[in-house]
Amino acid sequence: MEFVDYQQEIKELKKANRILQKQLERSEVDRVKLEETNEKKEYLLRKVIGELKEYQNNLEKRSHELEMMLLNLQIMQNKMSSLGSLVADVAHEINNPVGFIAGNLTPAQEYIQNLLHLIELYQKTYPQASQEIQEIIKEMDLEYVRKDLPKLISSMREGTNRISSISNSLRTFSRADTEQKVMFNLHEGIDNTLLILKHRLKDNNTRPAIQVVRNYGDLPLLLCFPGQLNQVFMNLLANAIDALDEANSGLGFDEIKKNPNQIIIDTAPNKDKNHVLIKIQDNGVGISADIQQKMFEHLFTTKSVGKGTGLGLSIAYQIIVQKHRGTLEVKSVLGKGSEFIISIPLS
Ligand SMILES: Nc1ncnc2c1ncn2[C@@H]1O[C@H](COP(=O)(O)OP(=O)(O)OP(=O)(O)O)[C@@H](O)[C@H]1O
Ligand SMILES: [Mg+2]
């Protein structure tokens, strides 16, 4: 009986031993597997750490670049604002002497008329002038002078008027911007901007003048930052002129004349009368869908160095959207032209 039990026990022990051995084998396999996965994990971890380090380096580089860019922008902004006040000062200085000239033109005209009248009277009273006087009258072409002098004076008056309106525009345009929003006549802002851009709009050797059509609607005064909105008009109009110049390339004067360069400015309140809408349209090169995606980005430009910095639209966007809670949209057909639509809430 006892013998049978031993046999049984040995059998069971052997079985347990086999099971243990199998378990051992399995755990050995598991251990190897674990080691392998650990190695893999370690490798991945090292790779991730490496990538993170590279990313960090790139970020540091980028943040350094951004810091430099910000610094440059601040320098530029500083330059612009000192340039702005310089322009305002110069414009003011110009107004004074122009005022003298304009002020003296009226008495000068009167004196001239009196003198001419006196000469006429002399001629009537003494029709038989001496030989010397007759010669001088002929030499100086008295008849012509008599006709031309008044024209000369009025063109001088026209000139001084123009100088003072330009210098007034420069002053309004470049005045330091107010800290708080003030009531502003948008049409005045657009007109001033157009006057400042006049030298770029008028005709030259290669093309006729750019036609500017102003369809001004009935707009109320707008509570806004006037200097900033003038900046927006300036940036959009300058872009329109650039786009027209680009469209002209390769075309002769007469060809351009047949399909004239045009900028159309529409203003109107929206239907609900709670927004003002300003549309600036050109028939220049137009903008591809691809560029439309990117053109409001900071520093994006398709123009050559020195011609464009790629700041105009991003600044305009910031001024309209962030400073005035409005919207700035674009519609364009490549080869036909573009339209920029500004919408600003009235309250
Ligand atoms: N009216 C337009 N017609 C065609 N393309 C335009 C027009 N306005 C803007 N663009 C395109 O958008 C780009 C970005 O314009 P943005 O005014 O921001 O910069 P820029 O004119 O190139 O340079 P900057 O205004 O700083 O001198 C331009 O380079 C141009 O390709
Ligand atoms: Mg521009």
# chains A, B, ... in the order shown; residues from 1 in each chain; ligands from 1
>>> residues_around(residues="Ser332 of chain A", least_positions_apart="6", cutoff="8 Å", atoms="only C-alpha atoms", output="VMD selection string")
chain A and resid 286 to 288 338 to 339
>>> closest_atom_pairs(of="chain A", to="ligand 1", cutoff="9 Å", atoms="only C-alpha atoms and all ligand atoms", output="tab-separated table")
residue	atom	partner	partner_atom_place_in_ligand_line	distance
A:Asn235	CA	ligand 1	25 (O)	6.0
A:Leu236	CA	ligand 1	8 (N)	6.6
A:Leu237	CA	ligand 1	1 (N)	7.6
A:Ala238	CA	ligand 1	21 (O)	7.4
A:Asn239	CA	ligand 1	8 (N)	4.6
A:Ala240	CA	ligand 1	1 (N)	4.0
A:Ile241	CA	ligand 1	1 (N)	7.5
A:Asp242	CA	ligand 1	2 (C)	7.3
A:Ala243	CA	ligand 1	3 (N)	4.5
A:Leu244	CA	ligand 1	3 (N)	7.6
A:Glu246	CA	ligand 1	4 (C)	8.6
A:Ile280	CA	ligand 1	1 (N)	8.5
A:Gln281	CA	ligand 1	1 (N)	7.5
A:Asp282	CA	ligand 1	1 (N)	6.4
A:Asn283	CA	ligand 1	3 (N)	8.3
A:Gly284	CA	ligand 1	3 (N)	6.0
A:Val285	CA	ligand 1	4 (C)	5.6
A:Gly286	CA	ligand 1	4 (C)	4.6
A:Ile287	CA	ligand 1	4 (C)	4.9
A:Ser288	CA	ligand 1	5 (N)	8.4
A:Ile291	CA	ligand 1	31 (O)	6.8
A:Gln292	CA	ligand 1	12 (O)	7.3
A:Lys294	CA	ligand 1	12 (O)	7.9
A:Met295	CA	ligand 1	12 (O)	4.6
A:Phe296	CA	ligand 1	18 (O)	6.0
A:Glu297	CA	ligand 1	18 (O)	7.2
A:His298	CA	ligand 1	18 (O)	7.2
A:Leu299	CA	ligand 1	18 (O)	6.9
A:Phe300	CA	ligand 1	14 (C)	5.6
A:Thr301	CA	ligand 1	29 (O)	3.5
A:Thr302	CA	ligand 1	29 (O)	3.9
A:Lys303	CA	ligand 1	29 (O)	5.0
A:Ser304	CA	ligand 1	22 (O)	8.1
A:Gly306	CA	ligand 1	27 (O)	8.2
A:Lys307	CA	ligand 1	27 (O)	6.1
A:Gly308	CA	ligand 1	23 (O)	3.3
A:Thr309	CA	ligand 1	26 (O)	3.6
A:Gly310	CA	ligand 1	19 (O)	3.3
A:Leu311	CA	ligand 1	26 (O)	3.7
A:Gly312	CA	ligand 1	25 (O)	3.5
A:Leu313	CA	ligand 1	18 (O)	3.6
A:Ser314	CA	ligand 1	18 (O)	5.6
A:Ile315	CA	ligand 1	18 (O)	7.6
A:Ala316	CA	ligand 1	18 (O)	8.2
A:Val330	CA	ligand 1	8 (N)	8.9
A:Ser332	CA	ligand 1	3 (N)	8.0
A:Leu334	CA	ligand 1	4 (C)	8.5
A:Gly337	CA	ligand 1	3 (N)	6.5
A:Ser338	CA	ligand 1	1 (N)	5.4
A:Glu339	CA	ligand 1	1 (N)	7.0
A:Phe340	CA	ligand 1	1 (N)	7.5
>>> write_last_selection(atoms="N, CA and C atoms", output="short mmCIF file (atom, residue, chain, number, x, y, z; two decimals), in the first residue's frame")
data_model
loop_
_atom_site.label_atom_id
_atom_site.label_comp_id
_atom_site.auth_asym_id
_atom_site.auth_seq_id
_atom_site.Cartn_x
_atom_site.Cartn_y
_atom_site.Cartn_z
N ASN A 235 -2.71 101.79 -47.72
CA ASN A 235 -2.16 100.48 -48.07
C ASN A 235 -2.97 99.83 -49.22
N LEU A 236 -4.30 99.93 -49.13
CA LEU A 236 -5.13 99.29 -50.16
C LEU A 236 -4.99 100.02 -51.51
N LEU A 237 -4.97 101.36 -51.46
CA LEU A 237 -4.86 102.11 -52.72
C LEU A 237 -3.48 101.92 -53.35
N ALA A 238 -2.44 101.87 -52.51
CA ALA A 238 -1.09 101.67 -53.05
C ALA A 238 -1.00 100.29 -53.71
N ASN A 239 -1.62 99.29 -53.09
CA ASN A 239 -1.64 97.95 -53.70
C ASN A 239 -2.37 97.97 -55.04
N ALA A 240 -3.49 98.70 -55.08
CA ALA A 240 -4.27 98.78 -56.33
C ALA A 240 -3.41 99.40 -57.43
N ILE A 241 -2.68 100.47 -57.09
CA ILE A 241 -1.82 101.12 -58.10
C ILE A 241 -0.73 100.16 -58.56
N ASP A 242 -0.13 99.44 -57.59
CA ASP A 242 0.90 98.44 -57.96
C ASP A 242 0.31 97.40 -58.91
N ALA A 243 -0.91 96.95 -58.60
CA ALA A 243 -1.54 95.90 -59.41
C ALA A 243 -1.82 96.41 -60.83
N LEU A 244 -2.18 97.70 -60.93
CA LEU A 244 -2.42 98.28 -62.26
C LEU A 244 -1.11 98.39 -63.03
N GLU A 246 1.44 96.58 -62.69
CA GLU A 246 1.85 95.24 -63.10
C GLU A 246 1.06 94.80 -64.34
N ILE A 280 -12.95 99.02 -52.35
CA ILE A 280 -11.91 99.59 -53.22
C ILE A 280 -11.60 98.56 -54.30
N GLN A 281 -11.89 98.94 -55.54
CA GLN A 281 -11.81 97.98 -56.64
C GLN A 281 -10.81 98.46 -57.68
N ASP A 282 -10.02 97.52 -58.22
CA ASP A 282 -9.11 97.89 -59.31
C ASP A 282 -9.26 96.90 -60.45
N ASN A 283 -8.88 97.33 -61.67
CA ASN A 283 -8.87 96.37 -62.78
C ASN A 283 -7.42 96.01 -63.15
N GLY A 284 -6.66 95.69 -62.10
CA GLY A 284 -5.25 95.32 -62.27
C GLY A 284 -5.08 93.82 -62.52
N VAL A 285 -3.91 93.30 -62.10
CA VAL A 285 -3.59 91.90 -62.43
C VAL A 285 -4.50 90.86 -61.80
N GLY A 286 -5.15 91.20 -60.70
CA GLY A 286 -5.96 90.19 -60.00
C GLY A 286 -5.08 89.30 -59.13
N ILE A 287 -5.73 88.46 -58.31
CA ILE A 287 -4.98 87.66 -57.34
C ILE A 287 -5.42 86.21 -57.44
N SER A 288 -4.47 85.29 -57.58
CA SER A 288 -4.82 83.87 -57.67
C SER A 288 -5.35 83.38 -56.33
N ILE A 291 -2.65 82.80 -53.74
CA ILE A 291 -2.11 83.99 -53.07
C ILE A 291 -3.13 84.60 -52.13
N GLN A 292 -4.42 84.51 -52.53
CA GLN A 292 -5.46 85.05 -51.65
C GLN A 292 -5.41 84.40 -50.27
N LYS A 294 -2.77 83.52 -48.68
CA LYS A 294 -1.60 83.90 -47.88
C LYS A 294 -1.41 85.39 -47.73
N MET A 295 -2.12 86.19 -48.53
CA MET A 295 -1.68 87.58 -48.65
C MET A 295 -1.90 88.44 -47.41
N PHE A 296 -2.75 87.99 -46.47
CA PHE A 296 -2.92 88.78 -45.25
C PHE A 296 -1.86 88.43 -44.21
N GLU A 297 -1.03 87.44 -44.54
CA GLU A 297 0.02 87.04 -43.59
C GLU A 297 1.11 88.10 -43.53
N HIS A 298 1.66 88.19 -42.32
CA HIS A 298 2.77 89.08 -42.06
C HIS A 298 3.94 88.76 -43.00
N LEU A 299 4.47 89.75 -43.67
CA LEU A 299 5.68 89.62 -44.52
C LEU A 299 5.46 88.82 -45.80
N PHE A 300 4.21 88.50 -46.13
CA PHE A 300 4.00 87.83 -47.42
C PHE A 300 3.96 88.87 -48.54
N THR A 301 4.82 88.72 -49.52
CA THR A 301 4.81 89.64 -50.65
C THR A 301 5.18 88.91 -51.92
N THR A 302 4.66 89.41 -53.05
CA THR A 302 5.08 88.86 -54.34
C THR A 302 5.94 89.89 -55.06
N LYS A 303 6.19 91.01 -54.35
CA LYS A 303 6.94 92.11 -55.00
C LYS A 303 8.42 91.99 -54.72
N SER A 304 9.22 92.61 -55.58
CA SER A 304 10.67 92.49 -55.42
C SER A 304 11.14 93.28 -54.19
N GLY A 306 12.55 95.88 -51.88
CA GLY A 306 12.58 97.32 -52.09
C GLY A 306 11.25 97.84 -52.60
N LYS A 307 10.48 96.96 -53.25
CA LYS A 307 9.16 97.40 -53.75
C LYS A 307 8.06 97.06 -52.75
N GLY A 308 8.22 95.92 -52.08
CA GLY A 308 7.20 95.53 -51.12
C GLY A 308 7.81 94.84 -49.93
N THR A 309 7.22 95.08 -48.76
CA THR A 309 7.72 94.40 -47.56
C THR A 309 6.75 93.31 -47.12
N GLY A 310 5.53 93.34 -47.66
CA GLY A 310 4.55 92.35 -47.25
C GLY A 310 3.89 92.69 -45.92
N LEU A 311 3.87 93.98 -45.60
CA LEU A 311 3.26 94.39 -44.33
C LEU A 311 1.89 95.05 -44.54
N GLY A 312 1.69 95.62 -45.74
CA GLY A 312 0.51 96.44 -45.98
C GLY A 312 -0.80 95.79 -45.58
N LEU A 313 -1.06 94.60 -46.10
CA LEU A 313 -2.36 93.97 -45.83
C LEU A 313 -2.47 93.44 -44.41
N SER A 314 -1.35 92.95 -43.86
CA SER A 314 -1.48 92.42 -42.50
C SER A 314 -1.75 93.56 -41.52
N ILE A 315 -1.15 94.72 -41.77
CA ILE A 315 -1.44 95.88 -40.92
C ILE A 315 -2.90 96.32 -41.12
N ALA A 316 -3.33 96.37 -42.38
CA ALA A 316 -4.71 96.78 -42.66
C ALA A 316 -5.69 95.84 -41.95
N VAL A 330 -11.68 89.99 -49.53
CA VAL A 330 -11.22 90.24 -50.89
C VAL A 330 -11.98 89.36 -51.87
N SER A 332 -11.54 88.47 -56.04
CA SER A 332 -10.66 88.77 -57.16
C SER A 332 -10.75 87.72 -58.24
N LEU A 334 -8.36 86.47 -61.38
CA LEU A 334 -7.03 86.62 -61.95
C LEU A 334 -7.12 87.19 -63.36
N GLY A 337 -9.03 91.75 -62.06
CA GLY A 337 -8.94 92.77 -61.04
C GLY A 337 -9.34 92.26 -59.67
N SER A 338 -9.32 93.18 -58.71
CA SER A 338 -9.60 92.78 -57.33
C SER A 338 -10.49 93.81 -56.65
N GLU A 339 -11.17 93.33 -55.61
CA GLU A 339 -12.00 94.24 -54.82
C GLU A 339 -11.78 93.93 -53.34
N PHE A 340 -11.45 94.95 -52.57
CA PHE A 340 -11.30 94.79 -51.13
C PHE A 340 -12.49 95.44 -50.46
#
>>> atom_distance(atom1="atom CA of Leu328 of chain A", atom2="atom CA of Ile344 of chain A")
8.9 Å
>>> residues_around(residues="segment 166-171 of chain A", least_positions_apart="5", cutoff="12 Å", atoms="only C-alpha atoms", output="MDAnalysis selection string")
chainID A and resid 83:99 159:161 176:177 188:199 227 230
>>> closest_residue(among="A:Gly50, A:Gly326, A:Pro260, A:Gly103", to="Pro208 of chain A", atoms="only C-alpha atoms")
A:Pro260
>>> atom_distance(atom1="atom CA of Lys271 of chain A", atom2="atom CA of Gln231 of chain A")
26.5 Å
>>> closest_residue(among="A:Leu346, A:Ala268, A:Val232, A:Ala129", to="ligand 2", atoms="only C-alpha atoms and all ligand atoms")
A:Val232
>>> select_by_dssp(residues="segment 153-333 of chain A", states="strand (DSSP E)", output="VMD selection string")
chain A and resid 182 to 184 211 to 216 222 to 224 262 to 269 275 to 282 327 to 333
>>> write_last_selection(atoms="C-alpha atoms", output="PDB file, in the first residue's frame")
ATOM      1  CA  VAL A 182     -12.958 110.144 -32.329  1.00  0.00           C
ATOM      2  CA  MET A 183     -15.689 111.013 -34.819  1.00  0.00           C
ATOM      3  CA  PHE A 184     -14.281 111.011 -38.343  1.00  0.00           C
ATOM      4  CA  GLN A 211      -9.125 106.979 -63.452  1.00  0.00           C
ATOM      5  CA  VAL A 212     -10.437 107.238 -59.919  1.00  0.00           C
ATOM      6  CA  VAL A 213     -14.199 106.915 -59.573  1.00  0.00           C
ATOM      7  CA  ARG A 214     -15.675 107.902 -56.231  1.00  0.00           C
ATOM      8  CA  ASN A 215     -19.166 106.610 -55.577  1.00  0.00           C
ATOM      9  CA  TYR A 216     -19.641 108.093 -52.137  1.00  0.00           C
ATOM     10  CA  LEU A 222     -17.616 107.073 -37.695  1.00  0.00           C
ATOM     11  CA  LEU A 223     -16.185 106.718 -34.195  1.00  0.00           C
ATOM     12  CA  CYS A 224     -12.701 105.399 -34.974  1.00  0.00           C
ATOM     13  CA  GLN A 262      -9.360 102.284 -62.984  1.00  0.00           C
ATOM     14  CA  ILE A 263      -9.862 102.423 -59.252  1.00  0.00           C
ATOM     15  CA  ILE A 264     -13.465 102.523 -58.083  1.00  0.00           C
ATOM     16  CA  ILE A 265     -14.261 103.462 -54.508  1.00  0.00           C
ATOM     17  CA  ASP A 266     -17.761 102.778 -53.213  1.00  0.00           C
ATOM     18  CA  THR A 267     -19.002 103.753 -49.788  1.00  0.00           C
ATOM     19  CA  ALA A 268     -22.408 103.070 -48.263  1.00  0.00           C
ATOM     20  CA  PRO A 269     -24.057 101.996 -45.046  1.00  0.00           C
ATOM     21  CA  HIS A 275     -22.129  99.090 -40.497  1.00  0.00           C
ATOM     22  CA  VAL A 276     -20.257 101.233 -42.988  1.00  0.00           C
ATOM     23  CA  LEU A 277     -19.015  99.508 -46.143  1.00  0.00           C
ATOM     24  CA  ILE A 278     -16.043 100.734 -48.128  1.00  0.00           C
ATOM     25  CA  LYS A 279     -15.134  98.927 -51.331  1.00  0.00           C
ATOM     26  CA  ILE A 280     -11.913  99.586 -53.220  1.00  0.00           C
ATOM     27  CA  GLN A 281     -11.808  97.981 -56.636  1.00  0.00           C
ATOM     28  CA  ASP A 282      -9.110  97.893 -59.306  1.00  0.00           C
ATOM     29  CA  THR A 327     -14.022  92.696 -41.450  1.00  0.00           C
ATOM     30  CA  LEU A 328     -11.712  92.939 -44.444  1.00  0.00           C
ATOM     31  CA  GLU A 329     -12.499  90.663 -47.379  1.00  0.00           C
ATOM     32  CA  VAL A 330     -11.223  90.243 -50.888  1.00  0.00           C
ATOM     33  CA  LYS A 331     -12.838  89.173 -54.143  1.00  0.00           C
ATOM     34  CA  SER A 332     -10.661  88.773 -57.155  1.00  0.00           C
ATOM     35  CA  VAL A 333     -10.509  87.242 -60.609  1.00  0.00           C
TER      36      VAL A 333
END
>>> residues_around(residues="Lys323 of chain A", least_positions_apart="4", cutoff="9 Å", atoms="only C-alpha atoms", output="number ranges by chain")
A: 224-225, 228, 318-319
>>> write_last_selection(atoms="C-alpha atoms", output="short mmCIF file (atom, residue, chain, number, x, y, z; two decimals), in the first residue's frame")
data_model
loop_
_atom_site.label_atom_id
_atom_site.label_comp_id
_atom_site.auth_asym_id
_atom_site.auth_seq_id
_atom_site.Cartn_x
_atom_site.Cartn_y
_atom_site.Cartn_z
CA CYS A 224 -12.70 105.40 -34.97
CA PHE A 225 -8.94 105.93 -35.01
CA GLN A 228 -5.15 104.16 -38.62
CA GLN A 318 -5.17 94.20 -37.82
CA ILE A 319 -6.48 97.76 -37.90
#
>>> select_by_dssp(residues="segment 76-319 of chain A", states="alpha helix (DSSP H)", output="short mmCIF file (atom, residue, chain, number, x, y, z; two decimals) with C-alpha atoms, in the first residue's frame")
data_model
loop_
_atom_site.label_atom_id
_atom_site.label_comp_id
_atom_site.auth_asym_id
_atom_site.auth_seq_id
_atom_site.Cartn_x
_atom_site.Cartn_y
_atom_site.Cartn_z
CA MET A 76 10.36 100.87 -38.05
CA GLN A 77 7.32 101.96 -36.06
CA ASN A 78 9.45 104.46 -34.21
CA LYS A 79 10.88 105.74 -37.48
CA MET A 80 7.39 105.96 -38.95
CA SER A 81 6.04 107.92 -36.04
CA SER A 82 8.97 110.35 -36.06
CA LEU A 83 8.62 110.59 -39.82
CA GLY A 84 4.91 111.25 -39.28
CA SER A 85 5.51 114.16 -36.97
CA LEU A 86 8.31 115.43 -39.20
CA VAL A 87 5.94 115.42 -42.16
CA ALA A 88 3.29 117.21 -40.10
CA ASP A 89 5.90 119.82 -39.06
CA VAL A 90 7.20 120.30 -42.58
CA ALA A 91 3.65 120.58 -43.90
CA HIS A 92 2.99 123.25 -41.28
CA GLU A 93 6.20 125.08 -42.24
CA ILE A 94 5.20 125.00 -45.89
CA ASN A 95 1.81 126.49 -45.10
CA ASN A 96 3.34 129.69 -43.72
CA PRO A 97 5.30 130.87 -46.80
CA VAL A 98 2.53 129.65 -49.07
CA GLY A 99 0.23 131.81 -47.00
CA PHE A 100 2.47 134.85 -47.70
CA ILE A 101 2.41 134.21 -51.42
CA ALA A 102 -1.33 133.62 -51.49
CA GLY A 103 -1.89 136.68 -49.31
CA ASN A 104 0.24 138.90 -51.58
CA LEU A 105 -1.34 137.71 -54.77
CA THR A 106 -4.54 139.68 -54.20
CA PRO A 107 -2.89 143.12 -53.80
CA ALA A 108 -0.40 142.22 -56.56
CA GLN A 109 -3.30 141.59 -58.91
CA GLU A 110 -4.87 144.87 -57.91
CA TYR A 111 -1.61 146.82 -58.44
CA ILE A 112 -1.10 145.21 -61.81
CA GLN A 113 -4.61 146.05 -62.91
CA ASN A 114 -4.16 149.65 -61.77
CA LEU A 115 -0.87 149.95 -63.63
CA LEU A 116 -2.35 148.50 -66.79
CA HIS A 117 -5.26 150.87 -66.49
CA LEU A 118 -2.85 153.77 -66.02
CA ILE A 119 -0.92 152.77 -69.15
CA GLU A 120 -4.17 152.60 -71.08
CA LEU A 121 -5.09 156.05 -69.86
CA TYR A 122 -1.67 157.40 -70.85
CA GLN A 123 -2.07 155.90 -74.29
CA LYS A 124 -5.49 157.50 -74.70
CA THR A 125 -4.34 160.88 -73.39
CA GLN A 131 9.76 157.10 -80.60
CA GLU A 132 11.52 155.53 -77.62
CA ILE A 133 8.23 154.65 -75.89
CA GLN A 134 6.79 153.20 -79.07
CA GLU A 135 9.84 151.02 -79.50
CA ILE A 136 9.68 149.72 -75.95
CA ILE A 137 5.95 148.96 -76.31
CA LYS A 138 6.71 146.94 -79.39
CA GLU A 139 9.68 145.19 -77.86
CA MET A 140 7.86 144.07 -74.73
CA LEU A 142 2.46 145.22 -74.42
CA GLU A 143 -0.74 143.80 -75.88
CA TYR A 144 0.34 140.27 -75.05
CA VAL A 145 1.49 141.19 -71.54
CA ARG A 146 -1.85 142.89 -70.91
CA LYS A 147 -3.70 139.68 -71.81
CA ASP A 148 -1.29 137.26 -70.18
CA LEU A 149 -0.72 138.90 -66.79
CA PRO A 150 -4.16 138.12 -65.31
CA LYS A 151 -3.83 134.48 -66.49
CA LEU A 152 -0.41 134.30 -64.90
CA ILE A 153 -1.75 135.54 -61.59
CA SER A 154 -4.65 133.10 -61.59
CA SER A 155 -2.37 130.17 -62.33
CA MET A 156 -0.16 131.28 -59.44
CA ARG A 157 -3.23 131.36 -57.26
CA GLU A 158 -4.18 127.86 -58.43
CA GLY A 159 -0.65 126.70 -57.59
CA THR A 160 -0.72 128.08 -54.07
CA ASN A 161 -4.18 126.59 -53.51
CA ARG A 162 -2.88 123.23 -54.56
CA ILE A 163 0.20 123.43 -52.36
CA SER A 164 -1.86 124.33 -49.35
CA SER A 165 -4.39 121.57 -49.92
CA ILE A 166 -1.56 119.03 -50.27
CA SER A 167 0.11 120.27 -47.13
CA ASN A 168 -3.21 120.23 -45.27
CA SER A 169 -3.75 116.64 -46.36
CA LEU A 170 -0.27 115.70 -45.26
CA ARG A 171 -0.97 117.24 -41.90
CA THR A 172 -4.25 115.45 -41.37
CA PHE A 173 -2.81 112.24 -42.72
CA SER A 174 0.30 112.16 -40.62
CA LEU A 186 -14.29 108.68 -43.85
CA HIS A 187 -14.68 110.48 -47.19
CA GLU A 188 -12.27 113.14 -46.00
CA GLY A 189 -9.79 110.40 -45.10
CA ILE A 190 -10.08 108.76 -48.53
CA ASP A 191 -9.80 112.13 -50.32
CA ASN A 192 -6.70 113.08 -48.35
CA THR A 193 -5.11 109.74 -49.10
CA LEU A 194 -5.86 110.10 -52.82
CA LEU A 195 -4.31 113.56 -52.80
CA ILE A 196 -1.14 112.20 -51.25
CA LYS A 198 -1.69 111.93 -56.69
CA HIS A 199 1.85 111.66 -58.03
CA ARG A 200 1.31 107.93 -58.55
CA LEU A 201 -2.15 108.34 -60.09
CA PRO A 226 -8.68 108.22 -38.07
CA GLY A 227 -4.90 107.94 -38.59
CA GLN A 228 -5.15 104.16 -38.62
CA LEU A 229 -8.01 104.09 -41.10
CA ASN A 230 -6.09 106.50 -43.35
CA GLN A 231 -3.25 103.99 -43.17
CA VAL A 232 -5.62 101.25 -44.35
CA PHE A 233 -6.83 103.37 -47.29
CA MET A 234 -3.21 104.14 -48.15
CA ASN A 235 -2.16 100.48 -48.07
CA LEU A 236 -5.13 99.29 -50.16
CA LEU A 237 -4.86 102.11 -52.72
CA ALA A 238 -1.09 101.67 -53.05
CA ASN A 239 -1.64 97.95 -53.70
CA ALA A 240 -4.27 98.78 -56.33
CA ILE A 241 -1.82 101.12 -58.10
CA ASP A 242 0.90 98.44 -57.96
CA ALA A 243 -1.54 95.90 -59.41
CA LEU A 244 -2.42 98.28 -62.26
CA ASP A 245 1.25 98.97 -62.99
CA GLU A 246 1.85 95.24 -63.10
CA ALA A 247 -1.08 94.72 -65.48
CA ASN A 248 0.33 97.45 -67.75
CA PHE A 253 0.29 103.83 -73.97
CA ASP A 254 -2.53 103.51 -76.53
CA GLU A 255 -3.41 99.96 -75.57
CA ILE A 256 -3.77 101.03 -71.95
CA LYS A 257 -5.84 104.01 -73.03
CA LYS A 258 -8.36 101.68 -74.72
CA ALA A 289 -6.72 81.74 -55.14
CA ASP A 290 -3.37 80.49 -53.89
CA ILE A 291 -2.11 83.99 -53.07
CA GLN A 292 -5.46 85.05 -51.65
CA GLN A 293 -4.91 82.41 -48.96
CA LYS A 294 -1.60 83.90 -47.88
CA GLY A 312 0.51 96.44 -45.98
CA LEU A 313 -2.36 93.97 -45.83
CA SER A 314 -1.48 92.42 -42.50
CA ILE A 315 -1.44 95.88 -40.92
CA ALA A 316 -4.71 96.78 -42.66
CA TYR A 317 -6.26 93.55 -41.39
#
